[in-house]
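Next comes data-v6.cif, with mmCIF, C-alpha atoms.
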data_query
loop_
_atom_site.group_PDB
_atom_site.id
_atom_site.type_symbol
_atom_site.label_atom_id
_atom_site.label_comp_id
_atom_site.auth_asym_id
_atom_site.auth_seq_id
_atom_site.Cartn_x
_atom_site.Cartn_y
_atom_site.Cartn_z
ATOM 1 C CA MET A 461 26.541 129.841 23.820
ATOM 2 C CA GLY A 462 22.997 131.196 23.786
ATOM 3 C CA LYS A 463 21.693 128.681 21.264
ATOM 4 C CA CYS A 464 22.913 125.824 23.412
ATOM 5 C CA GLN A 465 21.155 127.027 26.520
ATOM 6 C CA GLY A 466 19.519 124.247 28.451
ATOM 7 C CA TYR A 467 21.347 121.642 26.414
ATOM 8 C CA LEU A 468 24.674 122.277 28.074
ATOM 9 C CA ASP A 469 25.471 123.002 31.697
ATOM 10 C CA GLU A 470 28.396 124.594 33.530
ATOM 11 C CA GLN A 471 30.604 121.567 32.872
ATOM 12 C CA PHE A 472 30.816 122.698 29.237
ATOM 13 C CA ILE A 473 32.098 126.057 30.437
ATOM 14 C CA GLU A 474 34.687 124.192 32.525
ATOM 15 C CA LEU A 475 35.891 122.542 29.321
ATOM 16 C CA GLU A 476 36.128 125.890 27.571
ATOM 17 C CA GLU A 477 38.262 127.138 30.433
ATOM 18 C CA LEU A 478 40.750 124.396 29.611
ATOM 19 C CA GLN A 479 41.385 125.697 26.107
ATOM 20 C CA ASP A 480 44.630 127.536 25.629
ATOM 21 C CA ASP A 481 47.168 128.340 22.933
ATOM 22 C CA VAL A 482 48.578 124.844 23.191
ATOM 23 C CA ASN A 483 45.146 123.253 22.701
ATOM 24 C CA PRO A 484 42.894 125.837 21.039
ATOM 25 C CA ASN A 485 40.427 123.201 19.837
ATOM 26 C CA PHE A 486 40.210 121.148 22.970
ATOM 27 C CA VAL A 487 36.449 121.425 23.386
ATOM 28 C CA GLU A 488 35.757 120.493 19.802
ATOM 29 C CA GLU A 489 38.120 117.531 20.133
ATOM 30 C CA VAL A 490 36.315 116.314 23.219
ATOM 31 C CA ALA A 491 32.927 116.837 21.583
ATOM 32 C CA THR A 492 34.029 114.899 18.501
ATOM 33 C CA LEU A 493 35.280 112.083 20.691
ATOM 34 C CA TYR A 494 32.032 112.123 22.624
ATOM 35 C CA PHE A 495 29.832 111.831 19.547
ATOM 36 C CA LYS A 496 31.968 109.059 18.124
ATOM 37 C CA ASP A 497 31.941 107.110 21.368
ATOM 38 C CA SER A 498 28.269 107.681 22.108
ATOM 39 C CA ALA A 499 27.313 106.617 18.566
ATOM 40 C CA ARG A 500 28.930 103.289 19.370
ATOM 41 C CA LEU A 501 27.013 103.006 22.635
ATOM 42 C CA ILE A 502 23.733 103.977 20.948
ATOM 43 C CA ASN A 503 24.354 101.273 18.405
ATOM 44 C CA ASN A 504 25.026 98.700 21.106
ATOM 45 C CA ILE A 505 21.867 99.631 22.957
ATOM 46 C CA ASP A 506 19.811 99.657 19.740
ATOM 47 C CA GLN A 507 21.000 96.165 18.927
ATOM 48 C CA ALA A 508 20.361 94.922 22.436
ATOM 49 C CA LEU A 509 16.827 96.353 22.396
ATOM 50 C CA GLU A 510 16.091 94.994 18.941
ATOM 51 C CA ARG A 511 16.958 91.512 20.109
ATOM 52 C CA GLY A 512 13.930 91.774 22.337
ATOM 53 C CA SER A 513 15.443 89.975 25.306
ATOM 54 C CA PHE A 514 15.978 92.686 27.879
ATOM 55 C CA ASP A 515 19.250 92.195 29.669
ATOM 56 C CA PHE A 516 18.771 95.124 32.032
ATOM 57 C CA ASN A 517 22.209 94.749 33.571
ATOM 58 C CA ARG A 518 23.887 95.037 30.219
ATOM 59 C CA LEU A 519 21.655 97.912 29.122
ATOM 60 C CA ASP A 520 22.355 99.711 32.364
ATOM 61 C CA SER A 521 26.060 99.146 31.918
ATOM 62 C CA TYR A 522 26.009 100.754 28.448
ATOM 63 C CA MET A 523 23.941 103.628 29.752
ATOM 64 C CA HIS A 524 26.277 104.128 32.693
ATOM 65 C CA GLN A 525 29.039 104.831 30.174
ATOM 66 C CA PHE A 526 26.804 107.052 28.081
ATOM 67 C CA LYS A 527 25.616 109.012 31.069
ATOM 68 C CA GLY A 528 29.156 109.444 32.348
ATOM 69 C CA SER A 529 30.436 110.839 29.067
ATOM 70 C CA SER A 530 27.411 113.083 28.695
ATOM 71 C CA SER A 531 27.946 114.428 32.166
ATOM 72 C CA SER A 532 31.628 115.071 31.517
ATOM 73 C CA ILE A 533 30.967 117.284 28.539
ATOM 74 C CA GLY A 534 28.031 119.030 30.156
ATOM 75 C CA ALA A 535 25.272 117.528 28.016
ATOM 76 C CA SER A 536 22.553 118.080 30.594
ATOM 77 C CA LYS A 537 19.459 117.077 28.620
ATOM 78 C CA VAL A 538 21.057 113.910 27.340
ATOM 79 C CA LYS A 539 22.211 113.119 30.867
ATOM 80 C CA THR A 540 18.683 113.551 32.220
ATOM 81 C CA GLU A 541 17.287 111.092 29.689
ATOM 82 C CA CYS A 542 20.080 108.632 30.477
ATOM 83 C CA THR A 543 19.156 108.807 34.156
ATOM 84 C CA MET A 544 15.524 108.024 33.315
ATOM 85 C CA PHE A 545 16.586 105.085 31.200
ATOM 86 C CA ARG A 546 18.672 103.677 34.038
ATOM 87 C CA GLU A 547 15.721 104.019 36.384
ATOM 88 C CA TYR A 548 13.626 101.896 34.033
ATOM 89 C CA CYS A 549 16.441 99.353 33.892
ATOM 90 C CA ARG A 550 16.570 99.270 37.644
ATOM 91 C CA VAL A 551 12.886 98.355 37.912
ATOM 92 C CA GLY A 552 12.959 96.137 34.845
ATOM 93 C CA ASN A 553 10.506 98.197 32.807
ATOM 94 C CA ALA A 554 11.133 97.297 29.172
ATOM 95 C CA GLU A 555 8.479 99.622 27.779
ATOM 96 C CA GLY A 556 9.937 102.540 29.715
ATOM 97 C CA CYS A 557 13.400 101.712 28.419
ATOM 98 C CA LEU A 558 12.270 101.696 24.817
ATOM 99 C CA ARG A 559 10.391 104.961 25.183
ATOM 100 C CA THR A 560 13.168 106.736 27.040
ATOM 101 C CA PHE A 561 15.797 105.552 24.645
ATOM 102 C CA GLN A 562 13.989 107.340 21.830
ATOM 103 C CA GLN A 563 14.277 110.490 23.920
ATOM 104 C CA VAL A 564 17.968 109.869 24.534
ATOM 105 C CA LYS A 565 18.585 109.592 20.819
ATOM 106 C CA LYS A 566 16.495 112.663 20.099
ATOM 107 C CA GLU A 567 18.336 114.857 22.599
ATOM 108 C CA HIS A 568 21.645 113.450 21.467
ATOM 109 C CA ALA A 569 20.929 114.316 17.813
ATOM 110 C CA ARG A 570 19.727 117.793 18.779
ATOM 111 C CA LEU A 571 22.857 118.461 20.776
ATOM 112 C CA ARG A 572 25.040 117.261 17.957
ATOM 113 C CA LYS A 573 23.425 119.730 15.563
ATOM 114 C CA LYS A 574 23.712 122.592 18.011
ATOM 115 C CA LEU A 575 27.357 121.908 18.746
ATOM 116 C CA GLU A 576 28.241 121.530 15.075
ATOM 117 C CA HIS A 577 26.748 124.943 14.489
ATOM 118 C CA TYR A 578 28.460 126.337 17.570
ATOM 119 C CA PHE A 579 31.906 125.149 16.500
ATOM 120 C CA GLN A 580 31.322 126.380 12.986
ATOM 121 C CA LEU A 581 30.591 129.852 14.333
ATOM 122 C CA ALA A 582 33.607 129.676 16.634
ATOM 123 C CA ARG A 583 35.860 128.848 13.719
ATOM 124 C CA GLN A 584 34.471 131.707 11.686
ATOM 125 C CA ALA A 585 35.002 134.103 14.554
ATOM 126 C CA GLY A 586 38.673 133.183 14.546
ATOM 127 C CA PRO A 587 41.034 132.575 17.460
ATOM 128 C CA LYS A 588 40.064 134.225 20.710
ATOM 129 C CA GLU A 589 41.688 137.597 21.304
ATOM 130 C CA THR A 590 42.985 136.682 24.675
ATOM 131 C CA ALA A 591 43.878 133.134 25.616
ATOM 132 C CA ARG A 592 41.755 131.970 28.521
ATOM 133 C CA ARG A 593 44.775 130.592 30.210
ATOM 134 C CA SER A 594 48.237 132.014 30.086
ATOM 135 C CA LYS A 595 50.862 129.340 30.317
ATOM 136 C CA MET B 333 38.480 116.553 55.392
ATOM 137 C CA ASN B 334 38.725 112.806 55.441
ATOM 138 C CA SER B 335 39.056 110.403 58.304
ATOM 139 C CA GLY B 336 41.997 108.555 56.748
ATOM 140 C CA SER B 337 45.622 109.448 57.094
ATOM 141 C CA CYS B 338 46.459 112.776 55.620
ATOM 142 C CA SER B 339 50.186 112.366 55.206
ATOM 143 C CA SER B 340 51.788 114.649 52.703
ATOM 144 C CA LEU B 341 53.954 113.301 49.969
ATOM 145 C CA MET B 342 56.962 114.637 51.856
ATOM 146 C CA ASP B 343 56.190 112.420 54.817
ATOM 147 C CA VAL B 344 55.944 109.262 52.804
ATOM 148 C CA GLY B 345 59.285 109.815 51.211
ATOM 149 C CA TYR B 346 57.978 111.448 48.094
ATOM 150 C CA ASP B 347 60.782 111.891 45.702
ATOM 151 C CA HIS B 348 60.281 115.045 43.648
ATOM 152 C CA GLN B 349 61.161 114.415 40.086
ATOM 153 C CA HIS B 350 63.091 117.043 38.289
ATOM 154 C CA HIS B 351 62.343 117.751 34.712
ATOM 155 C CA ASP B 352 64.165 120.739 33.256
ATOM 156 C CA GLY B 353 64.362 122.183 36.742
ATOM 157 C CA HIS B 354 60.632 121.819 37.376
ATOM 158 C CA GLU B 355 59.185 119.407 39.876
ATOM 159 C CA GLN B 356 56.614 117.255 38.200
ATOM 160 C CA LEU B 357 54.095 114.898 39.658
ATOM 161 C CA HIS B 358 53.735 111.782 37.582
ATOM 162 C CA VAL B 359 50.123 110.719 37.744
ATOM 163 C CA LEU B 360 48.652 107.432 36.589
ATOM 164 C CA ALA B 361 45.009 108.048 35.632
ATOM 165 C CA VAL B 362 42.784 104.997 35.334
ATOM 166 C CA ASP B 363 39.341 105.177 33.727
ATOM 167 C CA ASP B 364 37.489 102.943 31.286
ATOM 168 C CA ASN B 365 35.620 105.931 29.835
ATOM 169 C CA LEU B 366 37.386 107.501 26.878
ATOM 170 C CA ILE B 367 36.027 111.012 27.364
ATOM 171 C CA ASP B 368 36.815 110.990 31.074
ATOM 172 C CA ARG B 369 40.369 109.845 30.357
ATOM 173 C CA LYS B 370 40.863 112.709 27.960
ATOM 174 C CA LEU B 371 39.411 115.169 30.437
ATOM 175 C CA VAL B 372 41.440 114.034 33.447
ATOM 176 C CA GLU B 373 44.578 113.989 31.340
ATOM 177 C CA LYS B 374 43.995 117.573 30.260
ATOM 178 C CA LEU B 375 43.198 118.722 33.780
ATOM 179 C CA LEU B 376 46.373 117.132 35.115
ATOM 180 C CA LYS B 377 48.564 118.456 32.295
ATOM 181 C CA ILE B 378 47.263 121.976 32.801
ATOM 182 C CA SER B 379 48.201 121.503 36.446
ATOM 183 C CA SER B 380 51.774 120.720 35.336
ATOM 184 C CA CYS B 381 51.606 116.994 35.933
ATOM 185 C CA LYS B 382 53.094 114.299 33.782
ATOM 186 C CA VAL B 383 50.255 111.926 32.919
ATOM 187 C CA THR B 384 50.007 108.284 31.999
ATOM 188 C CA THR B 385 46.535 106.901 31.354
ATOM 189 C CA ALA B 386 45.268 103.345 31.651
ATOM 190 C CA GLU B 387 41.894 102.099 30.459
ATOM 191 C CA ASN B 388 41.488 99.493 33.172
ATOM 192 C CA ALA B 389 42.880 98.386 36.506
ATOM 193 C CA ILE B 390 44.807 95.425 35.114
ATOM 194 C CA ARG B 391 46.728 97.637 32.684
ATOM 195 C CA ALA B 392 47.364 100.058 35.533
ATOM 196 C CA LEU B 393 48.839 97.305 37.699
ATOM 197 C CA GLU B 394 50.975 96.112 34.812
ATOM 198 C CA TYR B 395 52.311 99.612 34.336
ATOM 199 C CA LEU B 396 53.067 99.857 38.022
ATOM 200 C CA GLY B 397 55.011 96.634 37.803
ATOM 201 C CA PHE B 398 52.727 94.928 40.275
ATOM 202 C CA GLY B 399 53.799 91.392 41.026
ATOM 203 C CA ASP B 400 56.755 91.607 38.691
ATOM 204 C CA GLN B 401 59.870 92.204 40.721
ATOM 205 C CA ASN B 402 62.200 92.807 37.789
ATOM 206 C CA GLN B 403 59.896 95.310 36.150
ATOM 207 C CA HIS B 404 59.454 97.106 39.396
ATOM 208 C CA MET B 405 63.179 97.433 39.998
ATOM 209 C CA ASP B 406 63.483 99.074 36.591
ATOM 210 C CA ALA B 407 60.660 101.425 37.454
ATOM 211 C CA LEU B 408 62.343 102.372 40.713
ATOM 212 C CA THR B 409 65.633 103.269 39.106
ATOM 213 C CA ASN B 410 64.100 104.941 36.088
ATOM 214 C CA ASN B 411 62.656 108.206 37.377
ATOM 215 C CA ASP B 412 60.579 108.717 34.277
ATOM 216 C CA LEU B 413 58.411 105.740 35.133
ATOM 217 C CA LYS B 414 57.945 106.333 38.825
ATOM 218 C CA VAL B 415 54.347 107.113 39.624
ATOM 219 C CA ASN B 416 53.656 109.641 42.371
ATOM 220 C CA LEU B 417 49.881 109.459 42.369
ATOM 221 C CA ILE B 418 47.175 107.134 41.126
ATOM 222 C CA ILE B 419 43.788 108.556 40.298
ATOM 223 C CA THR B 420 41.196 105.982 39.417
ATOM 224 C CA ASP B 421 37.531 105.710 38.570
ATOM 225 C CA TYR B 422 35.524 103.580 40.963
ATOM 226 C CA CYS B 423 33.153 101.851 38.534
ATOM 227 C CA MET B 424 35.128 99.902 36.001
ATOM 228 C CA PRO B 425 34.384 96.546 34.407
ATOM 229 C CA GLY B 426 36.563 93.690 35.619
ATOM 230 C CA MET B 427 38.579 95.025 38.513
ATOM 231 C CA THR B 428 36.978 98.060 40.139
ATOM 232 C CA GLY B 429 38.853 101.133 41.342
ATOM 233 C CA PHE B 430 38.255 99.971 44.889
ATOM 234 C CA GLU B 431 39.870 96.615 44.165
ATOM 235 C CA LEU B 432 42.770 98.413 42.507
ATOM 236 C CA LEU B 433 43.143 100.569 45.609
ATOM 237 C CA LYS B 434 43.322 97.481 47.804
ATOM 238 C CA LYS B 435 45.873 95.796 45.566
ATOM 239 C CA VAL B 436 48.074 98.883 45.655
ATOM 240 C CA LYS B 437 47.801 99.224 49.430
ATOM 241 C CA GLU B 438 48.547 95.532 49.942
ATOM 242 C CA SER B 439 51.675 95.720 47.823
ATOM 243 C CA SER B 440 54.858 96.432 49.757
ATOM 244 C CA ASN B 441 56.282 98.127 46.658
ATOM 245 C CA LEU B 442 53.302 100.292 45.834
ATOM 246 C CA LYS B 443 51.477 101.003 49.082
ATOM 247 C CA GLU B 444 53.122 104.397 49.594
ATOM 248 C CA ILE B 445 51.648 105.747 46.380
ATOM 249 C CA PRO B 446 48.600 107.880 47.204
ATOM 250 C CA VAL B 447 45.424 106.710 45.502
ATOM 251 C CA VAL B 448 42.511 108.996 44.702
ATOM 252 C CA ILE B 449 39.137 107.534 43.773
ATOM 253 C CA MET B 450 36.697 109.283 41.437
ATOM 254 C CA SER B 451 33.053 108.486 40.961
ATOM 255 C CA SER B 452 30.025 110.003 39.288
ATOM 256 C CA GLU B 453 27.899 108.694 42.131
ATOM 257 C CA ASN B 454 27.897 110.314 45.540
ATOM 258 C CA ILE B 455 27.360 107.344 47.836
ATOM 259 C CA PRO B 456 28.562 107.923 51.417
ATOM 260 C CA THR B 457 29.132 104.227 52.166
ATOM 261 C CA ARG B 458 31.223 103.948 49.019
ATOM 262 C CA ILE B 459 33.245 107.025 49.922
ATOM 263 C CA ASN B 460 33.844 105.829 53.487
ATOM 264 C CA LYS B 461 34.802 102.387 52.275
ATOM 265 C CA CYS B 462 37.461 103.863 49.997
ATOM 266 C CA LEU B 463 38.853 106.205 52.607
ATOM 267 C CA ALA B 464 38.908 103.406 55.184
ATOM 268 C CA SER B 465 40.892 101.257 52.755
ATOM 269 C CA GLY B 466 43.551 103.915 52.382
ATOM 270 C CA ALA B 467 42.343 106.199 49.604
ATOM 271 C CA GLN B 468 43.879 109.640 49.934
ATOM 272 C CA MET B 469 40.807 111.390 48.660
ATOM 273 C CA PHE B 470 37.496 110.853 46.950
ATOM 274 C CA MET B 471 36.495 113.088 44.070
ATOM 275 C CA GLN B 472 33.111 113.619 42.471
ATOM 276 C CA LYS B 473 32.828 113.465 38.703
ATOM 277 C CA PRO B 474 32.700 115.310 36.430
ATOM 278 C CA LEU B 475 36.057 116.717 37.417
ATOM 279 C CA LYS B 476 36.727 120.413 37.268
ATOM 280 C CA LEU B 477 39.990 122.293 37.292
ATOM 281 C CA SER B 478 39.344 123.455 40.846
ATOM 282 C CA ASP B 479 39.134 119.790 41.935
ATOM 283 C CA VAL B 480 42.584 119.042 40.564
ATOM 284 C CA GLU B 481 44.008 122.199 42.108
ATOM 285 C CA LYS B 482 42.487 121.176 45.422
ATOM 286 C CA LEU B 483 44.010 117.732 45.003
ATOM 287 C CA LYS B 484 47.499 119.057 44.335
ATOM 288 C CA CYS B 485 47.197 121.333 47.325
ATOM 289 C CA HIS B 486 46.071 118.452 49.508
ATOM 290 C CA LEU B 487 48.926 116.282 48.371
ATOM 291 C CA MET B 488 51.526 118.983 48.895
ATOM 292 C CA ASN B 489 49.958 119.468 52.307
ATOM 293 C CA CYS B 490 48.984 123.067 51.923
ATOM 294 C CA ARG B 491 45.551 124.054 53.161
ATOM 295 C CA SER B 492 43.634 126.533 50.997
#

What would the structure in this file look like if it were written as structure tokens?
Amino acid sequence: MGKCQGYLDEQFIELEELQDDVNPNFVEEVATLYFKDSARLINNIDQALERGSFDFNRLDSYMHQFKGSSSSIGASKVKTECTMFREYCRVGNAEGCLRTFQQVKKEHARLRKKLEHYFQLARQAGPKETARRSK
Amino acid sequence: MNSGSCSSLMDVGYDHQHHDGHEQLHVLAVDDNLIDRKLVEKLLKISSCKVTTAENAIRALEYLGFGDQNQHMDALTNNDLKVNLIITDYCMPGMTGFELLKKVKESSNLKEIPVVIMSSENIPTRINKCLASGAQMFMQKPLKLSDVEKLKCHLMNCRS
């Protein structure tokens, strides 16, 4: 997981601990779900920001979801940017929101690339020798 | 641990379900976040629980047969449907987890079901409010396996 250092925290390791023979691709499934769901949220926020009228409550509500999901998969950098965004929402700083959102998208895209590579390598390496959990 | 009542499931007339000889807790997990639902479901399944998920409080209440006497009678007699534990997110659009907790505790049919509240935010007043309203436990998100193990232990009234 060396390449993902800094991008993912111990929550990601927690997810890996949940993989077993029954669900050998659990982490990849969750990651796929995350990127699909967060793409939707990014789109919603993009549209809301493009409209120009800053409904901070709505923006914060989208970001609350985004932050929650990011936290649950261990996406620490994305989560940090989400927190910043919510702070700007809280104080009604539109400029800050716009700026931070670019960072959110950047970190999100970076993480996506890293995880795609990570899962690719994992698949090439083959199934783990010993299941993490014996059931 | 918490200032609320700490009754074990045995005390409140918990009826162990038998499934192929194994006792299984049937947990209703309520969360509007898709990823969190998947995660809590996995955590509970790994902990040998039967899991039903709901994406909001209204759906959860419908599943529980809240306010529908006929549906509830069916749920009582049909062991497969009987819920032994509700675990719910606090922040949800529409009805919050806290409001769901109150509805459950106000219902003569459902009030014995332990309710656990989860939240990504660690706000003492929020936690106390939930415990004071009858929540069995409050759990910080993101959930880890050790949290669920702790929860099961707490419910079965064994101290680690």

- Query: Got a sec to resolve the PyMOL selection byres ((chain A) within 8 of (chain B)) on this structure and send the residues as a PyMOL selection string?
  - Reply: chain A and resi 471+474+478+490+493-494+497+525+528-529+531-532

- With distances taken over all atoms listed in the file, the candidate from A:Gln584, A:Asn483, A:Ser536, A:Ser513 nearest A:Glu470 is A:Ser536

- Message: Since I can't run it myself right now, could you work out what the PyMOL selection byres ((chain B and resi 454-466) around 12) selects here and report it as a PyMOL selection string?
- Response: chain B and resi 333-339+420-423+428-438+443-453+467-474

- Check what the PyMOL selection byres ((chain B and resi 418) around 6) selects in the file above and give those residues as a PyMOL selection string. chain B and resi 359-361+417+419+447

- Task: Please provide as a ChimeraX atom specification all residues within 10 Å of B:Lys377, with the sequence filter that same-chain residues fewer than 4 positions apart are discarded (counting all atoms listed in the file).
- Result: /B:357-359,371-373,381-383

- Query: Between A:Phe579, A:Met544, A:Val538, A:Phe561, which is the closest to A:Gly466 once you count only C-alpha atoms?
  - Reply: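 That would be A:Val538, the residue with the smallest distance to A:Gly466.
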
- Message: Can you measure atom CA of A:Phe472 to atom CA of A:Phe486 for me? One decimal in Å is fine.
- Response: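 Computing it gives 11.4 Å between the two atoms.
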
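Nearest-residue note for A:Leu519: choosing from A:Gln465, A:Thr492, A:Asn553, A:Gln580, the minimum distance belongs to A:Asn553, counting all atoms listed in the file.
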